[in-house]
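**Student:** Hey, dropping model-v3.csv in here, CSV, C-alpha atoms:
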```
chain,number,residue,atom,x,y,z
X,20,MET,CA,-27.5,-20.8,-1.7
X,21,MET,CA,-30.0,-23.3,-3.3
X,22,ASP,CA,-31.9,-25.8,-1.2
X,23,PHE,CA,-30.8,-29.4,-1.3
X,24,ASP,CA,-32.8,-31.7,-3.5
X,25,ALA,CA,-32.2,-35.5,-3.2
X,26,ASP,CA,-33.5,-36.0,-6.7
X,27,THR,CA,-30.9,-33.7,-8.2
X,28,HIS,CA,-27.9,-33.2,-6.0
X,29,PRO,CA,-25.2,-35.8,-5.3
X,30,HIS,CA,-25.2,-37.2,-1.8
X,31,ARG,CA,-24.1,-40.3,0.2
X,32,ARG,CA,-26.4,-42.8,2.0
X,33,ARG,CA,-25.3,-45.1,4.7
X,34,LYS,CA,-25.7,-48.8,3.7
X,35,SER,CA,-25.5,-50.1,7.2
X,36,PHE,CA,-26.0,-48.9,10.7
X,37,VAL,CA,-23.7,-49.3,13.7
X,38,PRO,CA,-25.1,-47.6,16.8
X,39,ALA,CA,-22.3,-46.0,18.9
X,40,LYS,CA,-23.3,-47.9,22.0
X,41,ALA,CA,-23.0,-51.2,20.1
X,42,VAL,CA,-19.4,-50.3,19.1
X,43,LEU,CA,-18.5,-49.6,22.7
X,44,THR,CA,-19.9,-52.9,23.9
X,45,THR,CA,-18.3,-55.0,21.1
X,46,PRO,CA,-14.7,-53.7,21.0
X,47,THR,CA,-13.5,-56.6,18.8
X,48,VAL,CA,-15.7,-55.5,15.9
X,49,ASN,CA,-14.2,-53.0,13.5
X,50,PRO,CA,-16.5,-49.9,13.4
X,51,LEU,CA,-15.0,-49.0,10.0
X,52,THR,CA,-17.2,-51.7,8.3
X,53,ASN,CA,-19.9,-49.1,7.8
X,54,GLU,CA,-20.7,-48.8,4.1
X,55,PHE,CA,-22.0,-45.8,2.1
X,56,ILE,CA,-23.3,-45.3,-1.4
X,57,LEU,CA,-22.8,-42.2,-3.5
X,58,VAL,CA,-26.1,-41.1,-5.2
X,59,SER,CA,-25.7,-38.9,-8.3
X,60,PRO,CA,-29.2,-38.4,-9.7
X,61,HIS,CA,-28.0,-35.7,-12.2
X,62,ARG,CA,-26.1,-38.3,-14.1
X,63,THR,CA,-29.3,-39.9,-15.5
X,64,LYS,CA,-29.0,-37.2,-18.2
X,65,ARG,CA,-25.6,-38.6,-19.3
X,66,PRO,CA,-25.5,-39.8,-22.9
X,67,TRP,CA,-24.7,-43.5,-23.4
X,68,LEU,CA,-22.6,-44.7,-26.3
X,69,GLY,CA,-21.2,-47.7,-24.5
X,70,GLN,CA,-22.0,-51.4,-24.4
X,71,THR,CA,-25.5,-52.6,-25.0
X,72,GLU,CA,-26.9,-56.1,-24.2
X,73,THR,CA,-29.1,-58.3,-26.3
X,74,PRO,CA,-32.4,-58.8,-24.4
X,75,GLN,CA,-33.1,-62.4,-23.6
X,76,SER,CA,-35.4,-64.0,-26.1
X,77,LEU,CA,-39.0,-64.6,-25.0
X,78,ASP,CA,-39.6,-66.9,-27.9
X,79,LEU,CA,-38.8,-70.1,-26.1
X,80,PRO,CA,-40.5,-73.4,-26.7
X,81,THR,CA,-42.4,-75.1,-23.9
X,82,TYR,CA,-40.0,-78.0,-24.2
X,83,ASP,CA,-36.5,-78.1,-25.6
X,84,PRO,CA,-35.0,-81.5,-26.5
X,85,ALA,CA,-31.5,-80.0,-26.2
X,86,CYS,CA,-32.1,-78.6,-22.7
X,87,TYR,CA,-30.3,-80.3,-19.9
X,88,LEU,CA,-33.1,-79.3,-17.4
X,89,CYS,CA,-36.3,-80.3,-19.3
X,90,PRO,CA,-38.2,-83.4,-18.1
X,91,GLY,CA,-36.9,-86.7,-19.4
X,92,ASN,CA,-33.7,-85.2,-21.0
X,93,SER,CA,-30.2,-86.3,-20.4
X,94,ARG,CA,-27.9,-83.8,-18.5
X,95,SER,CA,-24.3,-83.1,-19.6
X,96,GLY,CA,-22.9,-85.7,-17.2
X,97,GLY,CA,-25.1,-88.4,-18.6
X,98,GLN,CA,-27.7,-88.5,-15.9
X,99,GLN,CA,-31.3,-88.5,-17.0
X,100,ASN,CA,-34.0,-86.2,-15.6
X,101,PRO,CA,-37.2,-87.9,-14.5
X,102,VAL,CA,-40.4,-86.8,-16.2
X,103,TYR,CA,-41.2,-84.4,-13.4
X,104,GLU,CA,-44.5,-82.5,-13.1
X,105,ASN,CA,-43.7,-79.8,-10.6
X,106,THR,CA,-40.3,-78.9,-9.2
X,107,HIS,CA,-37.3,-81.1,-9.4
X,108,THR,CA,-34.1,-81.0,-7.4
X,109,PHE,CA,-30.8,-82.7,-8.1
X,110,VAL,CA,-27.1,-82.3,-7.0
X,111,ASN,CA,-25.3,-80.0,-9.4
X,112,ASP,CA,-23.2,-81.9,-11.9
X,113,PHE,CA,-20.5,-79.2,-11.5
X,114,SER,CA,-20.7,-78.3,-7.9
X,115,ALA,CA,-18.6,-75.4,-6.5
X,116,VAL,CA,-18.1,-77.3,-3.2
X,117,LEU,CA,-17.8,-81.0,-2.6
X,118,PRO,CA,-19.0,-83.3,0.2
X,119,PRO,CA,-16.6,-84.3,3.0
X,120,PRO,CA,-14.1,-85.6,3.9
X,121,THR,CA,-11.8,-82.8,2.9
X,122,PRO,CA,-8.1,-83.5,2.5
X,123,PRO,CA,-5.7,-81.9,5.1
X,124,THR,CA,-4.4,-78.5,4.1
X,125,PRO,CA,-0.7,-77.7,3.8
X,126,VAL,CA,1.1,-75.7,6.4
X,127,ALA,CA,0.9,-72.0,5.5
X,128,PRO,CA,4.2,-70.5,4.4
X,129,HIS,CA,3.0,-67.2,6.0
X,130,PRO,CA,0.1,-66.2,8.2
X,131,LEU,CA,-1.3,-64.1,5.3
X,132,LEU,CA,-1.3,-67.2,3.0
X,133,THR,CA,-3.6,-69.6,5.0
X,134,VAL,CA,-6.0,-72.0,3.4
X,135,ASN,CA,-9.2,-73.1,5.2
X,136,PRO,CA,-10.9,-76.2,3.8
X,137,VAL,CA,-14.6,-76.0,3.0
X,138,HIS,CA,-17.1,-78.7,2.2
X,139,GLY,CA,-20.8,-78.9,1.4
X,140,ALA,CA,-23.2,-79.5,-1.5
X,141,CYS,CA,-24.7,-77.6,-4.5
X,142,ASP,CA,-28.3,-78.4,-5.5
X,143,VAL,CA,-30.1,-77.3,-8.6
X,144,LEU,CA,-33.9,-76.6,-8.2
X,145,ILE,CA,-35.9,-76.6,-11.4
X,146,PHE,CA,-38.9,-74.4,-10.9
X,147,HIS,CA,-41.3,-76.0,-13.4
X,148,PRO,CA,-41.4,-78.5,-16.3
X,149,ARG,CA,-42.1,-75.7,-18.8
X,150,HIS,CA,-38.9,-74.4,-20.5
X,151,ASP,CA,-40.5,-71.0,-21.1
X,152,LEU,CA,-42.0,-70.1,-17.7
X,153,THR,CA,-40.1,-67.8,-15.4
X,154,LEU,CA,-41.3,-66.8,-11.9
X,155,ALA,CA,-43.0,-63.8,-13.5
X,156,ARG,CA,-45.1,-66.1,-15.7
X,157,LEU,CA,-45.8,-68.9,-13.3
X,158,GLN,CA,-49.1,-69.1,-11.4
X,159,VAL,CA,-49.1,-68.4,-7.7
X,160,PRO,CA,-49.7,-72.1,-6.8
X,161,ASP,CA,-46.7,-73.0,-8.8
X,162,ILE,CA,-44.5,-70.5,-6.9
X,163,GLN,CA,-45.9,-72.0,-3.6
X,164,GLN,CA,-44.5,-75.3,-4.6
X,165,ILE,CA,-41.1,-73.7,-5.2
X,166,ILE,CA,-41.2,-72.2,-1.7
X,167,ALA,CA,-42.1,-75.5,-0.2
X,168,GLU,CA,-39.1,-77.0,-1.9
X,169,TRP,CA,-36.9,-74.2,-0.6
X,170,ILE,CA,-38.0,-75.1,2.9
X,171,ARG,CA,-37.4,-78.8,2.4
X,172,ILE,CA,-33.9,-78.3,1.0
X,173,TYR,CA,-33.1,-75.7,3.7
X,174,HIS,CA,-34.0,-78.2,6.4
X,175,PHE,CA,-32.4,-81.2,4.7
X,176,ARG,CA,-29.1,-79.6,4.0
X,177,GLY,CA,-29.1,-77.4,7.1
X,178,THR,CA,-29.3,-80.4,9.5
X,179,GLN,CA,-26.5,-82.3,7.9
X,180,ASP,CA,-23.3,-82.7,10.0
X,181,GLY,CA,-20.8,-79.9,9.5
X,182,ILE,CA,-23.1,-77.6,7.5
X,183,LYS,CA,-23.2,-74.1,8.9
X,184,TYR,CA,-24.9,-72.2,6.2
X,185,VAL,CA,-27.5,-72.7,3.4
X,186,GLN,CA,-27.8,-70.2,0.6
X,187,ILE,CA,-30.8,-70.2,-1.7
X,188,PHE,CA,-30.5,-68.1,-4.8
X,189,GLU,CA,-31.5,-67.6,-8.5
X,190,ASN,CA,-29.6,-66.1,-11.4
X,191,LYS,CA,-32.0,-65.1,-14.1
X,192,GLY,CA,-30.8,-64.0,-17.6
X,193,ALA,CA,-27.6,-64.6,-19.6
X,194,ILE,CA,-26.2,-61.2,-18.4
X,195,MET,CA,-26.3,-62.6,-14.9
X,196,GLY,CA,-24.3,-65.6,-15.8
X,197,CYS,CA,-27.2,-68.0,-16.1
X,198,SER,CA,-26.0,-70.9,-18.3
X,199,ASN,CA,-29.5,-72.3,-19.1
X,200,PRO,CA,-32.7,-70.4,-19.8
X,201,HIS,CA,-34.9,-73.1,-18.3
X,202,PRO,CA,-36.1,-71.4,-15.1
X,203,HIS,CA,-34.2,-72.7,-12.1
X,204,GLY,CA,-32.4,-71.7,-8.9
X,205,GLN,CA,-29.7,-73.2,-6.8
X,206,VAL,CA,-29.0,-74.0,-3.1
X,207,TRP,CA,-25.5,-74.1,-1.9
X,208,SER,CA,-24.7,-75.5,1.6
X,209,LEU,CA,-21.3,-74.9,3.2
X,210,SER,CA,-19.3,-75.7,6.2
X,211,GLU,CA,-18.7,-72.0,6.8
X,212,VAL,CA,-20.8,-68.9,6.9
X,213,PRO,CA,-20.0,-66.8,3.8
X,214,THR,CA,-18.8,-63.2,4.0
X,215,LEU,CA,-22.0,-61.2,3.0
X,216,PRO,CA,-24.6,-63.0,5.1
X,217,GLY,CA,-22.0,-63.2,8.0
X,218,THR,CA,-21.6,-59.4,7.8
X,219,GLU,CA,-25.4,-58.9,7.9
X,220,LEU,CA,-25.8,-61.2,10.9
X,221,GLU,CA,-23.1,-59.3,12.7
X,222,PHE,CA,-24.8,-56.0,12.1
X,223,LEU,CA,-28.2,-57.5,13.2
X,224,ARG,CA,-26.5,-58.7,16.3
X,225,ARG,CA,-24.9,-55.4,17.1
X,226,TYR,CA,-28.2,-53.5,16.5
X,227,SER,CA,-30.1,-55.9,18.8
X,228,ILE,CA,-27.8,-55.1,21.8
X,229,SER,CA,-27.6,-51.4,21.1
X,230,GLU,CA,-29.6,-48.6,22.7
X,231,ALA,CA,-30.9,-47.3,19.3
X,232,PRO,CA,-34.3,-45.6,19.4
X,233,THR,CA,-37.1,-48.1,18.8
X,234,SER,CA,-40.7,-47.9,17.8
X,235,ASN,CA,-43.7,-50.3,17.9
X,236,ALA,CA,-42.1,-52.5,15.3
X,237,PRO,CA,-41.9,-56.2,16.1
X,238,ARG,CA,-39.0,-57.2,18.4
X,239,GLY,CA,-37.3,-60.4,17.7
X,240,PRO,CA,-34.1,-61.6,19.2
X,241,LYS,CA,-34.9,-63.4,22.5
X,242,GLY,CA,-38.5,-62.6,22.2
X,243,MET,CA,-41.5,-62.0,19.9
X,244,SER,CA,-43.9,-59.1,19.2
X,245,CYS,CA,-46.5,-58.0,16.7
X,246,PHE,CA,-48.3,-54.8,15.7
X,247,THR,CA,-51.6,-55.8,17.4
X,248,CYS,CA,-50.3,-57.1,20.7
X,249,SER,CA,-50.4,-55.1,23.9
X,250,MET,CA,-47.5,-55.4,26.4
X,251,SER,CA,-49.7,-57.5,28.7
X,252,GLN,CA,-50.0,-60.0,25.9
X,253,LEU,CA,-46.3,-60.3,25.3
X,254,ASN,CA,-43.7,-62.4,27.1
X,255,LEU,CA,-42.1,-60.8,30.1
X,256,ASP,CA,-39.1,-60.4,27.8
X,257,PRO,CA,-40.6,-58.7,24.7
X,258,GLY,CA,-37.3,-59.2,22.8
X,259,ARG,CA,-34.5,-57.0,21.7
X,260,PRO,CA,-34.8,-54.7,18.7
X,261,CYS,CA,-34.4,-56.1,15.2
X,262,LEU,CA,-32.7,-53.8,12.6
X,263,LEU,CA,-34.8,-55.1,9.7
X,264,CYS,CA,-38.1,-55.1,11.6
X,265,GLU,CA,-37.4,-51.5,12.6
X,266,TYR,CA,-36.5,-50.6,9.0
X,267,ALA,CA,-39.6,-52.2,7.5
X,268,TYR,CA,-41.8,-50.5,10.1
X,269,ALA,CA,-40.3,-47.1,9.3
X,270,GLU,CA,-40.7,-47.5,5.5
X,271,ILE,CA,-44.3,-48.6,5.8
X,272,ALA,CA,-45.1,-45.6,7.9
X,273,LEU,CA,-44.0,-43.2,5.2
X,274,PRO,CA,-46.4,-41.9,2.5
X,275,ILE,CA,-46.5,-44.2,-0.5
X,276,GLU,CA,-46.1,-41.3,-3.0
X,277,GLY,CA,-42.4,-40.4,-3.1
X,278,GLY,CA,-41.5,-43.3,-0.8
X,279,ARG,CA,-39.7,-46.5,-1.5
X,280,VAL,CA,-42.4,-49.2,-1.0
X,281,VAL,CA,-43.2,-50.9,-4.3
X,282,VAL,CA,-45.9,-53.4,-3.2
X,283,LYS,CA,-47.2,-54.7,0.1
X,284,ASN,CA,-49.6,-57.4,1.2
X,285,ASP,CA,-50.8,-58.8,4.6
X,286,TYR,CA,-47.4,-60.1,5.6
X,287,TRP,CA,-44.7,-58.9,3.2
X,288,VAL,CA,-43.4,-55.7,1.9
X,289,ALA,CA,-41.2,-55.2,-1.2
X,290,LEU,CA,-39.3,-51.9,-1.4
X,291,VAL,CA,-36.3,-50.3,-3.0
X,292,PRO,CA,-34.0,-49.9,0.0
X,293,TRP,CA,-32.6,-46.6,1.1
X,294,TRP,CA,-29.1,-47.9,0.5
X,295,ALA,CA,-29.8,-49.7,-2.8
X,296,THR,CA,-26.8,-50.2,-5.1
X,297,TRP,CA,-28.5,-51.6,-8.2
X,298,PRO,CA,-30.9,-49.3,-10.1
X,299,PHE,CA,-34.1,-51.3,-9.4
X,300,GLU,CA,-32.9,-53.3,-6.4
X,301,ILE,CA,-35.6,-54.7,-4.2
X,302,LEU,CA,-35.6,-55.9,-0.6
X,303,LEU,CA,-38.5,-58.2,0.3
X,304,LEU,CA,-39.2,-58.9,3.9
X,305,PRO,CA,-41.9,-59.9,6.4
X,306,TYR,CA,-43.1,-57.0,8.5
X,307,THR,CA,-45.7,-58.2,10.9
X,308,ARG,CA,-43.4,-60.3,13.1
X,309,HIS,CA,-39.8,-61.3,13.5
X,310,ILE,CA,-39.2,-64.4,11.4
X,311,PRO,CA,-35.6,-66.0,11.5
X,312,SER,CA,-36.1,-68.3,8.5
X,313,ILE,CA,-38.4,-69.8,5.9
X,314,ALA,CA,-38.8,-72.9,8.0
X,315,GLU,CA,-40.8,-70.8,10.5
X,316,LEU,CA,-43.3,-69.3,8.0
X,317,SER,CA,-47.0,-70.1,8.5
X,318,VAL,CA,-49.1,-71.5,5.7
X,319,GLU,CA,-50.6,-68.0,5.2
X,320,GLU,CA,-47.1,-66.4,5.2
X,321,GLN,CA,-45.9,-68.9,2.5
X,322,SER,CA,-49.0,-68.1,0.3
X,323,SER,CA,-48.5,-64.4,0.8
X,324,LEU,CA,-44.8,-64.8,-0.1
X,325,ALA,CA,-45.7,-66.6,-3.4
X,326,GLU,CA,-48.2,-63.8,-4.2
X,327,ILE,CA,-45.7,-61.0,-3.7
X,328,LEU,CA,-42.9,-62.8,-5.5
X,329,SER,CA,-45.2,-63.0,-8.5
X,330,LYS,CA,-46.1,-59.3,-8.3
X,331,VAL,CA,-42.5,-58.2,-8.0
X,332,THR,CA,-41.2,-60.3,-10.9
X,333,VAL,CA,-44.2,-59.3,-13.1
X,334,ARG,CA,-43.4,-55.6,-12.4
X,335,TYR,CA,-39.8,-56.2,-13.3
X,336,ASP,CA,-40.7,-57.7,-16.7
X,337,ASN,CA,-43.2,-54.9,-17.4
X,338,LEU,CA,-40.6,-52.2,-16.6
X,339,PHE,CA,-38.8,-52.6,-19.9
X,340,SER,CA,-41.1,-55.1,-21.6
X,341,CYS,CA,-38.5,-57.9,-21.4
X,342,SER,CA,-37.5,-60.9,-19.4
X,343,PHE,CA,-35.9,-58.8,-16.6
X,344,ALA,CA,-32.5,-60.2,-15.5
X,345,TYR,CA,-31.6,-60.3,-11.8
X,346,SER,CA,-29.8,-62.3,-9.1
X,347,MET,CA,-32.1,-63.1,-6.2
X,348,GLY,CA,-31.0,-64.6,-2.8
X,349,ILE,CA,-32.6,-65.4,0.5
X,350,HIS,CA,-30.8,-64.4,3.7
X,351,GLN,CA,-32.0,-65.9,6.9
X,352,ARG,CA,-30.8,-67.9,9.9
X,353,PRO,CA,-27.8,-69.8,8.6
X,354,THR,CA,-29.3,-73.3,9.3
X,355,PRO,CA,-32.5,-74.5,11.0
X,356,VAL,CA,-30.4,-75.5,14.0
X,357,SER,CA,-27.4,-73.2,14.4
X,358,ASP,CA,-25.4,-71.1,16.8
X,359,ASP,CA,-27.9,-68.3,16.3
X,360,ASP,CA,-30.0,-69.4,19.2
X,361,GLU,CA,-31.0,-65.8,19.9
X,362,ASN,CA,-32.8,-65.6,16.6
X,363,ILE,CA,-30.8,-62.6,15.5
X,364,ALA,CA,-31.5,-63.3,11.8
X,365,HIS,CA,-34.6,-61.8,10.1
X,366,LEU,CA,-35.7,-63.5,6.9
X,367,HIS,CA,-35.4,-61.3,3.8
X,368,VAL,CA,-34.9,-61.6,0.1
X,369,HIS,CA,-32.5,-59.6,-2.1
X,370,PHE,CA,-33.2,-58.8,-5.7
X,371,SER,CA,-30.2,-57.3,-7.5
X,372,PRO,CA,-31.0,-56.5,-11.2
X,373,PRO,CA,-28.4,-54.9,-13.5
X,374,LEU,CA,-30.7,-53.1,-16.0
X,375,LEU,CA,-30.5,-49.4,-15.8
X,376,ARG,CA,-32.0,-47.4,-18.7
X,377,SER,CA,-33.6,-50.0,-20.9
X,378,ALA,CA,-33.7,-53.7,-21.7
X,379,SER,CA,-30.2,-53.3,-23.4
X,380,VAL,CA,-28.3,-50.9,-21.0
X,381,LYS,CA,-27.1,-52.3,-17.7
X,382,LYS,CA,-25.2,-50.8,-14.8
X,383,PHE,CA,-21.5,-51.6,-14.5
X,384,LEU,CA,-19.8,-51.8,-11.1
X,385,VAL,CA,-16.4,-50.5,-12.2
X,386,GLY,CA,-13.8,-47.8,-11.6
X,387,PHE,CA,-14.8,-45.7,-8.6
X,388,GLU,CA,-17.2,-48.4,-7.4
X,389,LEU,CA,-14.5,-51.0,-7.4
X,390,MET,CA,-11.8,-48.8,-5.9
X,391,ALA,CA,-13.8,-46.5,-3.6
X,392,GLU,CA,-17.5,-47.1,-2.9
X,393,ALA,CA,-20.7,-48.0,-4.7
X,394,GLN,CA,-22.5,-45.3,-6.7
X,395,ARG,CA,-25.9,-45.0,-8.3
X,396,ASP,CA,-27.6,-42.5,-10.6
X,397,LEU,CA,-31.3,-43.1,-10.3
X,398,THR,CA,-32.5,-42.5,-6.7
X,399,PRO,CA,-34.2,-45.3,-4.8
X,400,GLU,CA,-37.4,-43.2,-4.6
X,401,GLN,CA,-37.4,-42.7,-8.4
X,402,ALA,CA,-36.9,-46.4,-9.0
X,403,ALA,CA,-39.7,-47.3,-6.6
X,404,THR,CA,-42.1,-44.8,-8.3
X,405,ARG,CA,-41.4,-46.4,-11.7
X,406,LEU,CA,-41.9,-49.9,-10.4
X,407,ARG,CA,-45.1,-48.9,-8.6
X,408,ALA,CA,-46.4,-47.6,-11.9
X,409,CYS,CA,-45.9,-51.0,-13.6
X,410,SER,CA,-49.0,-53.2,-14.1
X,411,GLU,CA,-49.4,-56.4,-12.0
X,412,LYS,CA,-50.6,-58.1,-15.2
X,413,HIS,CA,-47.7,-59.4,-17.3
X,414,TYR,CA,-47.3,-57.5,-20.6
X,415,LEU,CA,-47.4,-60.7,-22.6
X,416,ASN,CA,-50.9,-61.4,-21.2
X,417,GLU,CA,-52.3,-57.9,-22.1
```
Represent the structure contained in this file as structure tokens.
**Tutor:**
Amino acid sequence: MMDFDADTHPHRRRKSFVPAKAVLTTPTVNPLTNEFILVSPHRTKRPWLGQTETPQSLDLPTYDPACYLCPGNSRSGGQQNPVYENTHTFVNDFSAVLPPPTPPTPVAPHPLLTVNPVHGACDVLIFHPRHDLTLARLQVPDIQQIIAEWIRIYHFRGTQDGIKYVQIFENKGAIMGCSNPHPHGQVWSLSEVPTLPGTELEFLRRYSISEAPTSNAPRGPKGMSCFTCSMSQLNLDPGRPCLLCEYAYAEIALPIEGGRVVVKNDYWVALVPWWATWPFEILLLPYTRHIPSIAELSVEEQSSLAEILSKVTVRYDNLFSCSFAYSMGIHQRPTPVSDDDENIAHLHVHFSPPLLRSASVKKFLVGFELMAEAQRDLTPEQAATRLRACSEKHYLNE
């Protein structure tokens, strides 16, 4: 019988971890919420005669008089943008959620047909006055200003009455549903914690109360730690284990060649996660200490985040020599002041890009993936190797 080769043979990878002890101590949590992904590396040889996408044009003007987001222009609702010089934030003219008060909901005709009201706000954050500059082409100081605005909105919205969650995200590229090429992101604040971050928080909580094996990784919930601290320097309670701190520590300890780390600096690591669904998915997270939210970043950590965001997005564009599409989102403590008083959350950034083989062929989540479980062809290790090989200098600047 031949030896197993993860780069050739189909296999499944666990997308989440539920220690057995944690299941026993939290009987109300369904242990069947574990997720796996089917990895089929041999399918990269499959011929493709299906749909192709038109790569987003890079021939954009620095200013577009018809753009709703450019400085000084009128938006679709009639409001006029100021002649801003850095970032600019405004309430979305077509918000998905609306401010309170919410009207009373009708009595449910059946327990399976209940309606729960939700309120909040949707903000648009324009990254820069230039119509043609994405994150990959902005200077690091410009990205620092975006991070500062993320922090400001997170605190502003997260401290409003009734708000339980603030989601920061960016959709880049028409194939990701972006309706305007002018670089921008969004911030949605809601009166409930959404499903995906809520699930992550629950797994982080379960891991923190488990008896899973731990290492010298930072320990976060109910305590703090760092790589350079001795036990005598820590609080008497060094904190409980953090799933993401342990994961980052384990990935960094592996050899770079053949590993999943793409780029690392003094505070942050960007890697293709073991459980990645999207071909060139990246998980970006701090690894030197447990950090619940962007509001708790030091000045140095903010600068370091701007630097690594630039390096990640430049590598993305260089991979296929195109403006690389993705959805990016920040997961963290739901609000600056929330029920998470144990600091279960660990700040991290998800990049979910659809492109698979080229600038015109994307991955489709259909069929088996909709009806059974996620599946990928390219292994995370192969994806990381290709991203590491990309230059940190943007191809348009070569």
**Student:** Between X:Leu374, X:Ala115, X:Cys197, X:Leu157, which has the minimum distance to Phe343 in chain X (counting only C-alpha atoms)?
**Tutor:** X:Leu374
**Student:** Would you please work out which residue, of X:Pro353, X:Pro101, X:Gly348, X:Pro120, is nearest to Ala314 in chain X when using only C-alpha atoms?
**Tutor:**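 The answer is X:Pro353, which sits nearest to Ala314 in chain X.
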**Student:** Given all atoms listed in the file as the basis, pick out the residue of X:Pro136, X:Gly239, X:Pro122, X:Pro148 nearest to Asn92 in chain X.
**Tutor:** X:Pro148
**Student:** In terms of the shortest atom-to-atom distance over only C-alpha atoms, which of X:Leu79, X:Ala408, X:Val212, X:Ala231 is closest to Val280 in chain X?
**Tutor:**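 With only C-alpha atoms as the atom set, the closest residue is X:Ala408.
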**Student:** Which residues are close to Ile310 in chain X, i.e. within 6 Å by only C-alpha atoms, leaving aside same-chain residues fewer than 2 positions away? Reply as a count of residues only.
**Tutor:** 3
**Student:** So how far away is CA of Trp297 in chain X from CA of Phe55 in chain X, in Å?
**Tutor:** 13.5 Å
